[in-house]
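Below is coords.pdb, which holds PDB, C-alpha atoms.
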```pdb
ATOM      1  CA  MET A   1      18.172 -17.283 -13.296
ATOM      2  CA  LEU A   2      17.803 -14.683 -16.069
ATOM      3  CA  GLU A   3      20.323 -12.487 -14.274
ATOM      4  CA  ARG A   4      22.958 -15.200 -14.692
ATOM      5  CA  LYS A   5      22.635 -15.344 -18.485
ATOM      6  CA  THR A   6      24.421 -13.397 -21.184
ATOM      7  CA  TRP A   7      22.184 -11.611 -23.666
ATOM      8  CA  LYS A   8      23.115 -14.198 -26.285
ATOM      9  CA  ARG A   9      22.014 -17.039 -24.036
ATOM     10  CA  ALA A  10      18.911 -15.063 -23.087
ATOM     11  CA  GLN A  11      18.066 -14.695 -26.768
ATOM     12  CA  GLU A  12      18.071 -18.474 -27.199
ATOM     13  CA  GLU A  13      15.882 -19.004 -24.157
ATOM     14  CA  PHE A  14      13.380 -16.289 -25.079
ATOM     15  CA  GLN A  15      13.017 -17.777 -28.542
ATOM     16  CA  GLN A  16      12.205 -21.180 -27.044
ATOM     17  CA  ALA A  17      10.129 -20.301 -23.957
ATOM     18  CA  LYS A  18       6.430 -19.429 -23.922
ATOM     19  CA  VAL A  19       6.029 -18.532 -20.235
ATOM     20  CA  ALA A  20       7.885 -16.237 -17.829
ATOM     21  CA  LEU A  21       7.887 -16.441 -14.040
ATOM     22  CA  ILE A  22       8.310 -13.309 -11.919
ATOM     23  CA  PRO A  23       8.960 -14.138  -8.233
ATOM     24  CA  VAL A  24       7.581 -11.443  -5.933
ATOM     25  CA  GLY A  25       7.833 -11.179  -2.159
ATOM     26  CA  SER A  26       8.522  -8.758   0.642
ATOM     27  CA  THR A  27      11.125  -7.698   3.176
ATOM     28  CA  GLU A  28       9.146  -7.683   6.395
ATOM     29  CA  GLN A  29       9.065  -9.070   9.892
ATOM     30  CA  HIS A  30       8.156 -12.714  10.315
ATOM     31  CA  GLY A  31       8.306 -12.988  14.072
ATOM     32  CA  PRO A  32      11.566 -13.273  16.005
ATOM     33  CA  HIS A  33      12.341 -16.658  14.452
ATOM     34  CA  LEU A  34      12.160 -16.159  10.658
ATOM     35  CA  PRO A  35      14.212 -13.888   8.369
ATOM     36  CA  LEU A  36      12.871 -10.644   6.922
ATOM     37  CA  GLY A  37      13.246 -12.167   3.458
ATOM     38  CA  THR A  38      10.975 -15.154   4.152
ATOM     39  CA  ASP A  39       8.396 -14.274   1.496
ATOM     40  CA  PHE A  40      10.788 -13.550  -1.346
ATOM     41  CA  LEU A  41      13.057 -16.486  -0.481
ATOM     42  CA  ILE A  42      10.169 -18.947  -0.800
ATOM     43  CA  ALA A  43       8.852 -17.322  -3.991
ATOM     44  CA  LYS A  44      12.327 -17.236  -5.545
ATOM     45  CA  THR A  45      13.079 -20.862  -4.700
ATOM     46  CA  LEU A  46       9.783 -22.121  -6.135
ATOM     47  CA  ALA A  47      10.000 -19.985  -9.280
ATOM     48  CA  GLU A  48      13.569 -21.016 -10.050
ATOM     49  CA  ALA A  49      12.810 -24.700  -9.493
ATOM     50  CA  ALA A  50       9.751 -24.494 -11.755
ATOM     51  CA  ALA A  51      11.808 -22.732 -14.439
ATOM     52  CA  VAL A  52      14.422 -25.485 -14.370
ATOM     53  CA  GLU A  53      11.740 -28.146 -14.711
ATOM     54  CA  THR A  54       9.754 -26.443 -17.473
ATOM     55  CA  GLY A  55      12.178 -24.255 -19.404
ATOM     56  CA  ALA A  56      10.240 -21.106 -18.510
ATOM     57  CA  ILE A  57      12.020 -17.770 -18.174
ATOM     58  CA  CYS A  58      12.586 -16.754 -14.534
ATOM     59  CA  THR A  59      13.289 -13.095 -13.780
ATOM     60  CA  PRO A  60      15.190 -11.800 -10.743
ATOM     61  CA  VAL A  61      13.077 -11.720  -7.589
ATOM     62  CA  ILE A  62      11.193  -8.574  -6.527
ATOM     63  CA  PRO A  63      12.170  -8.440  -2.829
ATOM     64  CA  ILE A  64      10.134  -5.496  -1.493
ATOM     65  CA  GLY A  65       6.360  -5.222  -1.648
ATOM     66  CA  LEU A  66       3.342  -3.875   0.224
ATOM     67  CA  SER A  67       4.221  -4.368   3.882
ATOM     68  CA  GLU A  68       3.402  -1.096   5.618
ATOM     69  CA  HIS A  69       1.172  -2.933   8.098
ATOM     70  CA  HIS A  70       4.336  -4.496   9.579
ATOM     71  CA  ARG A  71       6.161  -1.154   9.851
ATOM     72  CA  GLN A  72       6.457  -1.081  13.661
ATOM     73  CA  PHE A  73       8.792  -4.089  13.503
ATOM     74  CA  TRP A  74      12.411  -3.193  12.771
ATOM     75  CA  GLY A  75      13.768  -3.884   9.301
ATOM     76  CA  THR A  76      10.421  -4.010   7.495
ATOM     77  CA  LEU A  77      10.531  -2.208   4.140
ATOM     78  CA  TRP A  78       7.710  -1.221   1.806
ATOM     79  CA  VAL A  79       6.802   0.859  -1.217
ATOM     80  CA  LYS A  80       3.670   2.766  -2.152
ATOM     81  CA  PRO A  81       1.037   0.647  -3.946
ATOM     82  CA  ASP A  82       1.105   2.750  -7.120
ATOM     83  CA  TYR A  83       4.898   2.366  -7.369
ATOM     84  CA  PHE A  84       4.562  -1.357  -6.845
ATOM     85  CA  ARG A  85       1.871  -1.782  -9.485
ATOM     86  CA  GLY A  86       3.740   0.320 -12.016
ATOM     87  CA  TYR A  87       6.999  -1.551 -11.475
ATOM     88  CA  LEU A  88       5.403  -4.978 -11.879
ATOM     89  CA  ARG A  89       3.481  -3.809 -14.936
ATOM     90  CA  GLY A  90       6.697  -2.503 -16.493
ATOM     91  CA  ILE A  91       8.515  -5.808 -16.006
ATOM     92  CA  ALA A  92       5.686  -7.647 -17.752
ATOM     93  CA  GLU A  93       5.723  -5.154 -20.608
ATOM     94  CA  SER A  94       9.466  -5.623 -21.076
ATOM     95  CA  LEU A  95       8.996  -9.398 -21.210
ATOM     96  CA  ALA A  96       6.258  -8.909 -23.807
ATOM     97  CA  TYR A  97       8.661  -6.797 -25.898
ATOM     98  CA  HIS A  98      10.932  -9.865 -26.014
ATOM     99  CA  GLY A  99       7.991 -12.014 -27.104
ATOM    100  CA  ILE A 100       6.808 -13.543 -23.817
ATOM    101  CA  LYS A 101       3.165 -12.635 -23.232
ATOM    102  CA  ARG A 102       2.259 -15.463 -20.855
ATOM    103  CA  ILE A 103       3.380 -14.529 -17.356
ATOM    104  CA  ILE A 104       3.008 -15.892 -13.826
ATOM    105  CA  TYR A 105       3.719 -13.697 -10.821
ATOM    106  CA  VAL A 106       4.913 -16.182  -8.188
ATOM    107  CA  ASN A 107       3.833 -14.307  -5.082
ATOM    108  CA  GLY A 108       5.159 -14.981  -1.594
ATOM    109  CA  HIS A 109       3.364 -12.211   0.335
ATOM    110  CA  GLY A 110      -0.381 -12.056   0.805
ATOM    111  CA  GLY A 111      -0.343  -8.274   1.112
ATOM    112  CA  ASN A 112       0.741  -8.033  -2.534
ATOM    113  CA  MET A 113      -2.131 -10.026  -3.953
ATOM    114  CA  ALA A 114      -4.775  -7.350  -4.510
ATOM    115  CA  ALA A 115      -2.283  -5.161  -6.376
ATOM    116  CA  LEU A 116      -1.037  -8.111  -8.422
ATOM    117  CA  GLN A 117      -4.545  -9.053  -9.480
ATOM    118  CA  GLU A 118      -5.204  -5.462 -10.519
ATOM    119  CA  VAL A 119      -2.007  -5.475 -12.593
ATOM    120  CA  CYS A 120      -2.979  -8.758 -14.235
ATOM    121  CA  ARG A 121      -6.378  -7.404 -15.274
ATOM    122  CA  GLY A 122      -4.783  -4.329 -16.808
ATOM    123  CA  LEU A 123      -2.195  -6.369 -18.687
ATOM    124  CA  HIS A 124      -4.949  -8.564 -20.100
ATOM    125  CA  HIS A 125      -6.351  -5.525 -21.894
ATOM    126  CA  GLN A 126      -2.886  -5.004 -23.411
ATOM    127  CA  GLY A 127      -2.743  -8.529 -24.820
ATOM    128  CA  ILE A 128      -0.540  -9.907 -22.041
ATOM    129  CA  TYR A 129      -1.974 -12.894 -20.170
ATOM    130  CA  ALA A 130      -0.669 -12.632 -16.599
ATOM    131  CA  LEU A 131      -1.680 -14.617 -13.517
ATOM    132  CA  ALA A 132      -0.897 -14.182  -9.816
ATOM    133  CA  TRP A 133      -0.128 -17.430  -7.959
ATOM    134  CA  GLN A 134       0.441 -18.012  -4.233
ATOM    135  CA  TRP A 135       1.910 -21.193  -2.779
ATOM    136  CA  TRP A 136      -0.389 -21.338   0.277
ATOM    137  CA  TRP A 137      -3.488 -21.224  -1.913
ATOM    138  CA  ALA A 138      -2.072 -24.033  -4.014
ATOM    139  CA  VAL A 139      -1.497 -26.310  -1.007
ATOM    140  CA  ALA A 140      -4.393 -25.203   1.202
ATOM    141  CA  GLU A 141      -5.808 -28.714   1.633
ATOM    142  CA  LEU A 142      -2.437 -30.251   2.515
ATOM    143  CA  SER A 143      -1.662 -27.408   4.892
ATOM    144  CA  ALA A 144      -4.980 -27.901   6.694
ATOM    145  CA  GLU A 145      -4.264 -31.623   6.943
ATOM    146  CA  LEU A 146      -0.808 -31.042   8.424
ATOM    147  CA  PHE A 147      -1.709 -28.112  10.675
ATOM    148  CA  PRO A 148      -5.400 -27.663  11.526
ATOM    149  CA  GLN A 149      -6.083 -24.075  12.649
ATOM    150  CA  ALA A 150      -2.544 -22.993  11.800
ATOM    151  CA  GLY A 151      -1.342 -19.395  11.800
ATOM    152  CA  SER A 152      -1.186 -17.810   8.368
ATOM    153  CA  HIS A 153       1.790 -15.497   9.014
ATOM    154  CA  ALA A 154       5.068 -16.845  10.427
ATOM    155  CA  GLY A 155       3.075 -19.771  11.757
ATOM    156  CA  GLU A 156       3.334 -23.510  11.264
ATOM    157  CA  PRO A 157       3.147 -23.768   7.431
ATOM    158  CA  GLU A 158       5.365 -20.791   6.650
ATOM    159  CA  THR A 159       7.952 -21.746   9.256
ATOM    160  CA  SER A 160       7.967 -25.283   7.873
ATOM    161  CA  MET A 161       8.570 -23.929   4.363
ATOM    162  CA  VAL A 162      11.560 -21.899   5.522
ATOM    163  CA  LEU A 163      12.920 -24.995   7.280
ATOM    164  CA  GLN A 164      12.811 -26.598   3.825
ATOM    165  CA  VAL A 165      14.251 -23.809   1.668
ATOM    166  CA  ALA A 166      16.611 -21.998   4.087
ATOM    167  CA  ALA A 167      16.791 -23.883   7.382
ATOM    168  CA  GLU A 168      19.969 -22.090   8.417
ATOM    169  CA  LEU A 169      18.010 -18.813   8.654
ATOM    170  CA  VAL A 170      15.484 -20.095  11.211
ATOM    171  CA  ASP A 171      16.289 -19.033  14.775
ATOM    172  CA  ARG A 172      15.065 -22.107  16.613
ATOM    173  CA  GLU A 173      15.889 -20.583  19.991
ATOM    174  CA  ALA A 174      13.311 -17.846  19.305
ATOM    175  CA  LEU A 175      10.431 -20.211  18.537
ATOM    176  CA  ALA A 176       9.118 -20.120  22.112
ATOM    177  CA  GLU A 177       9.184 -16.308  22.110
ATOM    178  CA  ALA A 178       7.370 -16.269  18.768
ATOM    179  CA  ALA A 179       4.650 -18.595  20.051
ATOM    180  CA  ALA A 180       4.226 -16.758  23.360
ATOM    181  CA  GLY A 181       3.517 -13.459  21.624
ATOM    182  CA  ALA A 182       1.621 -14.823  18.646
ATOM    183  CA  ALA A 183      -2.019 -14.261  17.772
ATOM    184  CA  PRO A 184      -4.161 -17.347  17.186
ATOM    185  CA  ARG A 185      -5.098 -16.047  13.730
ATOM    186  CA  TRP A 186      -4.589 -13.046  11.486
ATOM    187  CA  GLY A 187      -6.419  -9.842  12.445
ATOM    188  CA  ILE A 188      -9.222  -8.977  14.847
ATOM    189  CA  GLN A 189     -12.694 -10.014  13.715
ATOM    190  CA  ARG A 190     -15.681  -7.967  14.852
ATOM    191  CA  PHE A 191     -19.186  -8.312  13.370
ATOM    192  CA  GLY A 192     -17.937  -9.871  10.145
ATOM    193  CA  THR A 193     -14.991  -7.597   9.411
ATOM    194  CA  ASP A 194     -11.332  -7.169  10.348
ATOM    195  CA  VAL A 195     -11.011  -4.093  12.580
ATOM    196  CA  SER A 196      -7.197  -4.176  12.786
ATOM    197  CA  PHE A 197      -4.845  -2.180  10.583
ATOM    198  CA  ASP A 198      -1.366  -3.201  11.728
ATOM    199  CA  THR A 199       0.090  -6.543  12.755
ATOM    200  CA  LEU A 200       1.040  -5.083  16.124
ATOM    201  CA  ASP A 201      -2.661  -4.522  16.838
ATOM    202  CA  PHE A 202      -3.071  -8.241  17.470
ATOM    203  CA  SER A 203       0.357  -9.929  17.641
ATOM    204  CA  LYS A 204       3.142  -8.924  20.033
ATOM    205  CA  SER A 205       5.749 -11.154  18.373
ATOM    206  CA  GLY A 206       4.562 -10.576  14.803
ATOM    207  CA  ALA A 207       3.648 -14.249  14.370
ATOM    208  CA  THR A 208       0.375 -16.153  14.275
ATOM    209  CA  GLY A 209      -0.360 -19.735  15.302
ATOM    210  CA  ASP A 210       2.297 -21.843  16.992
ATOM    211  CA  PRO A 211       5.508 -22.004  14.937
ATOM    212  CA  ARG A 212       6.975 -24.484  17.430
ATOM    213  CA  ARG A 213       4.920 -27.161  15.666
ATOM    214  CA  ALA A 214       6.655 -26.551  12.331
ATOM    215  CA  THR A 215       8.846 -29.340  10.945
ATOM    216  CA  LYS A 216      11.217 -29.748   8.052
ATOM    217  CA  ARG A 217       9.295 -32.847   6.971
ATOM    218  CA  ALA A 218       6.089 -30.820   6.707
ATOM    219  CA  GLY A 219       8.007 -28.151   4.836
ATOM    220  CA  GLU A 220       9.274 -30.701   2.341
ATOM    221  CA  ARG A 221       5.743 -31.929   1.673
ATOM    222  CA  LEU A 222       4.390 -28.405   1.294
ATOM    223  CA  TYR A 223       7.252 -27.402  -0.987
ATOM    224  CA  ARG A 224       6.921 -30.438  -3.256
ATOM    225  CA  ALA A 225       3.158 -30.010  -3.496
ATOM    226  CA  ALA A 226       3.475 -26.289  -4.260
ATOM    227  CA  LEU A 227       6.135 -26.900  -6.902
ATOM    228  CA  GLU A 228       4.000 -29.576  -8.545
ATOM    229  CA  ARG A 229       1.071 -27.148  -8.772
ATOM    230  CA  LEU A 230       3.251 -24.345 -10.146
ATOM    231  CA  VAL A 231       4.795 -26.618 -12.769
ATOM    232  CA  GLY A 232       1.293 -27.746 -13.719
ATOM    233  CA  LEU A 233       0.217 -24.130 -14.136
ATOM    234  CA  VAL A 234       3.196 -23.391 -16.382
ATOM    235  CA  HIS A 235       2.385 -26.353 -18.620
ATOM    236  CA  TRP A 236      -1.305 -25.389 -18.738
ATOM    237  CA  LEU A 237      -0.385 -21.850 -19.755
ATOM    238  CA  GLU A 238       2.047 -23.115 -22.395
ATOM    239  CA  GLU A 239      -0.656 -25.238 -24.002
ATOM    240  CA  LEU A 240      -3.462 -22.676 -23.863
ATOM    241  CA  PRO A 241      -4.459 -21.629 -27.411
ATOM    242  CA  ASP A 242      -3.907 -17.988 -28.307
ATOM    243  CA  ARG A 243      -7.663 -17.425 -28.538
ATOM    244  CA  GLY A 244      -7.940 -18.391 -24.863
ATOM    245  CA  LEU A 245      -5.575 -15.578 -23.897
ATOM    246  CA  ARG A 246      -7.478 -12.684 -25.427
ATOM    247  CA  PRO A 247     -10.297 -10.742 -23.752
ATOM    248  CA  LYS A 248     -13.697 -11.665 -25.141
ATOM    249  CA  ASP A 249     -15.348  -9.296 -27.582
ATOM    250  CA  HIS A 250     -18.185  -6.980 -26.595
ATOM    251  CA  LYS A 251     -21.538  -8.744 -26.640
ATOM    252  CA  PRO A 252     -23.645  -7.772 -29.687
TER     253      PRO A 252
END
```
Any chance you could give the structure as structure tokens?
Amino acid sequence: MLERKTWKRAQEEFQQAKVALIPVGSTEQHGPHLPLGTDFLIAKTLAEAAAVETGAICTPVIPIGLSEHHRQFWGTLWVKPDYFRGYLRGIAESLAYHGIKRIIYVNGHGGNMAALQEVCRGLHHQGIYALAWQWWWAVAELSAELFPQAGSHAGEPETSMVLQVAAELVDREALAEAAAGAAPRWGIQRFGTDVSFDTLDFSKSGATGDPRRATKRAGERLYRAALERLVGLVHWLEELPDRGLRPKDHKP
């Protein structure tokens, strides 16, 4: 979106907009049936659609994140957490220089979330109000209704979303292979904690759940619900008074 504008057109949009969206994802394995770009493709599609609907600024997508736990699967890329945090912080600071201090990181990869939340807290101290948003949190109830006990990675909901946003990239012939080597859920739980470190510790195919149950119809419902929630968040952030954006003063 922003990358398609001239600086003159960008000037007009920055002077009108109050919120910026930064789509963030990963380039990592998503089983044998989904593309490596699954996370950033979904984040990019949702962020761009929300920007069109609301007039928010939408930056280019950040396509590589914190994915080292998928490293044994070919094609997975990752960066060090401190690089990732610094890069995302810098983008927000450059937006703030242009006058946009209300920012939403539209995140497509769960492994990024802890770092994103840390960045948001730091930016808050700088007078920049940033939030990290994930589509699967936003549609958790609908997802549970559509797919009880679904896999969280390359499973039913995520595969359905890719069928909605980039169906041509889904290898339907590999769905059976994905399901056969999938874990029922993410990680290995022992005595109240996850004792796994890498995806390969518990999933041979890199997937979880049963992606064969994914449908384009479910993907359409998930996508529309997620977009509605993201648009609602943009409008809420636009209307929030300036005093609601600042950190509270020290207690007397």
Quiz item: Where does the PyMOL selection byres ((chain A and resi 186-190) around 10) land in this file, that is, which residues does it pick, as an MDAnalysis selection string?
Solution: chainID A and resid 151:153 182:185 191:203 207:209
Could you dump the residues just selected with C-alpha atoms as a compact mmCIF listing (two decimals), in the frame of the given file?
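Result file is result.txt:
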```txt
# COMPACT_ATOMS: atom_id res chain seq x y z
CA GLY A 151 -1.34 -19.40 11.80
CA SER A 152 -1.19 -17.81 8.37
CA HIS A 153 1.79 -15.50 9.01
CA ALA A 182 1.62 -14.82 18.65
CA ALA A 183 -2.02 -14.26 17.77
CA PRO A 184 -4.16 -17.35 17.19
CA ARG A 185 -5.10 -16.05 13.73
CA PHE A 191 -19.19 -8.31 13.37
CA GLY A 192 -17.94 -9.87 10.14
CA THR A 193 -14.99 -7.60 9.41
CA ASP A 194 -11.33 -7.17 10.35
CA VAL A 195 -11.01 -4.09 12.58
CA SER A 196 -7.20 -4.18 12.79
CA PHE A 197 -4.84 -2.18 10.58
CA ASP A 198 -1.37 -3.20 11.73
CA THR A 199 0.09 -6.54 12.76
CA LEU A 200 1.04 -5.08 16.12
CA ASP A 201 -2.66 -4.52 16.84
CA PHE A 202 -3.07 -8.24 17.47
CA SER A 203 0.36 -9.93 17.64
CA ALA A 207 3.65 -14.25 14.37
CA THR A 208 0.38 -16.15 14.28
CA GLY A 209 -0.36 -19.74 15.30
```
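Nearest to Arg85 (chain A) of all the residues A:Arg121, A:Gly108, A:Ile100, A:Ala51 is A:Arg121, counting only C-alpha atoms.
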Exercise. May I ask which of the residues A:Ala180, A:Val165, A:Ala138, A:Leu131 is the closest one to Val19 (chain A), counting only C-alpha atoms?
Key: A:Leu131
Practice problem: Given the file shown, determine the residues that the PyMOL selection byres ((chain A and resi 54) around 12) selects; report them as a ChimeraX atom specification. | Solution: /A:13,16-21,47-53,55-58,227-228,230-238
Exercise. May I ask which of the residues A:Gln72, A:Ser26, A:Thr59, A:Ser205 is the closest one to Gly155 (chain A), counting all atoms listed in the file?
Key: A:Ser205
Got a sec: who's within 10 Å of His30 (chain A), counting only C-alpha atoms, leaving out chain neighbours fewer than 3 positions off, as a PDB file with C-alpha atoms, in the coordinates of the input?
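File result-v7.pdb, as written:
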```pdb
ATOM      1  CA  THR A  27      11.125  -7.698   3.176  1.00  0.00           C
ATOM      2  CA  HIS A  33      12.341 -16.658  14.452  1.00  0.00           C
ATOM      3  CA  LEU A  34      12.160 -16.159  10.658  1.00  0.00           C
ATOM      4  CA  PRO A  35      14.212 -13.888   8.369  1.00  0.00           C
ATOM      5  CA  LEU A  36      12.871 -10.644   6.922  1.00  0.00           C
ATOM      6  CA  GLY A  37      13.246 -12.167   3.458  1.00  0.00           C
ATOM      7  CA  THR A  38      10.975 -15.154   4.152  1.00  0.00           C
ATOM      8  CA  ASP A  39       8.396 -14.274   1.496  1.00  0.00           C
ATOM      9  CA  HIS A  70       4.336  -4.496   9.579  1.00  0.00           C
ATOM     10  CA  PHE A  73       8.792  -4.089  13.503  1.00  0.00           C
ATOM     11  CA  THR A  76      10.421  -4.010   7.495  1.00  0.00           C
ATOM     12  CA  HIS A 153       1.790 -15.497   9.014  1.00  0.00           C
ATOM     13  CA  ALA A 154       5.068 -16.845  10.427  1.00  0.00           C
ATOM     14  CA  GLY A 155       3.075 -19.771  11.757  1.00  0.00           C
ATOM     15  CA  GLU A 158       5.365 -20.791   6.650  1.00  0.00           C
ATOM     16  CA  THR A 159       7.952 -21.746   9.256  1.00  0.00           C
ATOM     17  CA  ALA A 178       7.370 -16.269  18.768  1.00  0.00           C
ATOM     18  CA  SER A 205       5.749 -11.154  18.373  1.00  0.00           C
ATOM     19  CA  GLY A 206       4.562 -10.576  14.803  1.00  0.00           C
ATOM     20  CA  ALA A 207       3.648 -14.249  14.370  1.00  0.00           C
ATOM     21  CA  THR A 208       0.375 -16.153  14.275  1.00  0.00           C
TER      22      THR A 208
END
```
Practice problem: Write out as a ChimeraX atom specification each polymer residue whose atoms come within 9 Å of Gly99 (chain A), counting only C-alpha atoms; drop sequence neighbours fewer than 5 positions from it. | Solution: /A:14-15,18,94
Practice problem: In the coordinates of the file, take the point (9.8, -27.9, -1.4) and a cut-off of 10 Å; then, counting all atoms listed in the file, name each qualifying protein, DNA or RNA residue as a list in words. | Solution: Ile42, Thr45, Leu46, Ala49, Ser160, Met161, Val162, Leu163, Gln164, Val165, Lys216, Arg217, Ala218, Gly219, Glu220, Arg221, Leu222, Tyr223, Arg224, Ala225, Ala226, Leu227 and Glu228 of chain A
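Note that the spacing between CA of Trp78 (chain A) and CA of Trp137 (chain A) amounts to 23.2 Å.
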Quiz item: What separation in Å, quoted to one decimal, exists between CA of Arg102 (chain A) and CA of Thr6 (chain A)?
Solution: 22.3 Å
Practice problem: Would you please work out which residue, of A:Leu41, A:Ile22, A:Glu68, A:Phe147, is nearest to Lys80 (chain A) when using all atoms listed in the file? | Solution: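 Among the listed residues, the smallest separation from Lys80 (chain A) belongs to A:Glu68.
For the choices A:Lys101, A:Pro211, A:Gln117, A:Asp82, the atom-to-atom distance to Glu173 (chain A) is smallest for A:Pro211 when using only C-alpha atoms.
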Quiz item: So how far away is CA of Val106 (chain A) from CA of Leu142 (chain A), in Å?
Solution: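 CA of Leu142 (chain A) sits 19.1 Å away from CA of Val106 (chain A).
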Give me the box for region 209-215 of chain A as JSON, namely the centre and edge lengths in Å to one decimal of a box along x, y and z that holds every listed atom plus 4 Å on each side.
```
{"center_x": 4.2, "center_y": -24.5, "center_z": 14.2, "size_x": 17.2, "size_y": 17.6, "size_z": 14.5}
```
Quiz item: Between A:Leu175, A:Ala10, A:Arg213, A:Leu116, which has the minimum distance to Pro148 (chain A) (counting only C-alpha atoms)?
Solution: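 Going through A:Leu175, A:Ala10, A:Arg213, A:Leu116 one by one, the smallest distance to Pro148 (chain A) is for A:Arg213.
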Quiz prompt | Exercise: Leu88 (chain A) partners within 10 Å, all atoms listed in the file, chain neighbours under 6 positions left out, as a list in words | solution =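 In the requested form, the answer reads Ile22, Val24, Ile62, Tyr105, Ala115, Leu116, Val119 and Cys120 of chain A.
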Quiz item: Can you list what the PyMOL selection byres ((chain A and resi 128) around 10) grabs from this structure, as number ranges by chain?
Solution: A: 92-93, 95-96, 100-103, 120-127, 129-131, 245-247
Saved selection, atoms kept: C-alpha atoms, as an mmCIF file, in the frame of the given file:
```
data_model
loop_
_atom_site.group_PDB
_atom_site.id
_atom_site.type_symbol
_atom_site.label_atom_id
_atom_site.label_comp_id
_atom_site.auth_asym_id
_atom_site.auth_seq_id
_atom_site.Cartn_x
_atom_site.Cartn_y
_atom_site.Cartn_z
ATOM 1 C CA ALA A 92 5.686 -7.647 -17.752
ATOM 2 C CA GLU A 93 5.723 -5.154 -20.608
ATOM 3 C CA LEU A 95 8.996 -9.398 -21.210
ATOM 4 C CA ALA A 96 6.258 -8.909 -23.807
ATOM 5 C CA ILE A 100 6.808 -13.543 -23.817
ATOM 6 C CA LYS A 101 3.165 -12.635 -23.232
ATOM 7 C CA ARG A 102 2.259 -15.463 -20.855
ATOM 8 C CA ILE A 103 3.380 -14.529 -17.356
ATOM 9 C CA CYS A 120 -2.979 -8.758 -14.235
ATOM 10 C CA ARG A 121 -6.378 -7.404 -15.274
ATOM 11 C CA GLY A 122 -4.783 -4.329 -16.808
ATOM 12 C CA LEU A 123 -2.195 -6.369 -18.687
ATOM 13 C CA HIS A 124 -4.949 -8.564 -20.100
ATOM 14 C CA HIS A 125 -6.351 -5.525 -21.894
ATOM 15 C CA GLN A 126 -2.886 -5.004 -23.411
ATOM 16 C CA GLY A 127 -2.743 -8.529 -24.820
ATOM 17 C CA TYR A 129 -1.974 -12.894 -20.170
ATOM 18 C CA ALA A 130 -0.669 -12.632 -16.599
ATOM 19 C CA LEU A 131 -1.680 -14.617 -13.517
ATOM 20 C CA LEU A 245 -5.575 -15.578 -23.897
ATOM 21 C CA ARG A 246 -7.478 -12.684 -25.427
ATOM 22 C CA PRO A 247 -10.297 -10.742 -23.752
#
```
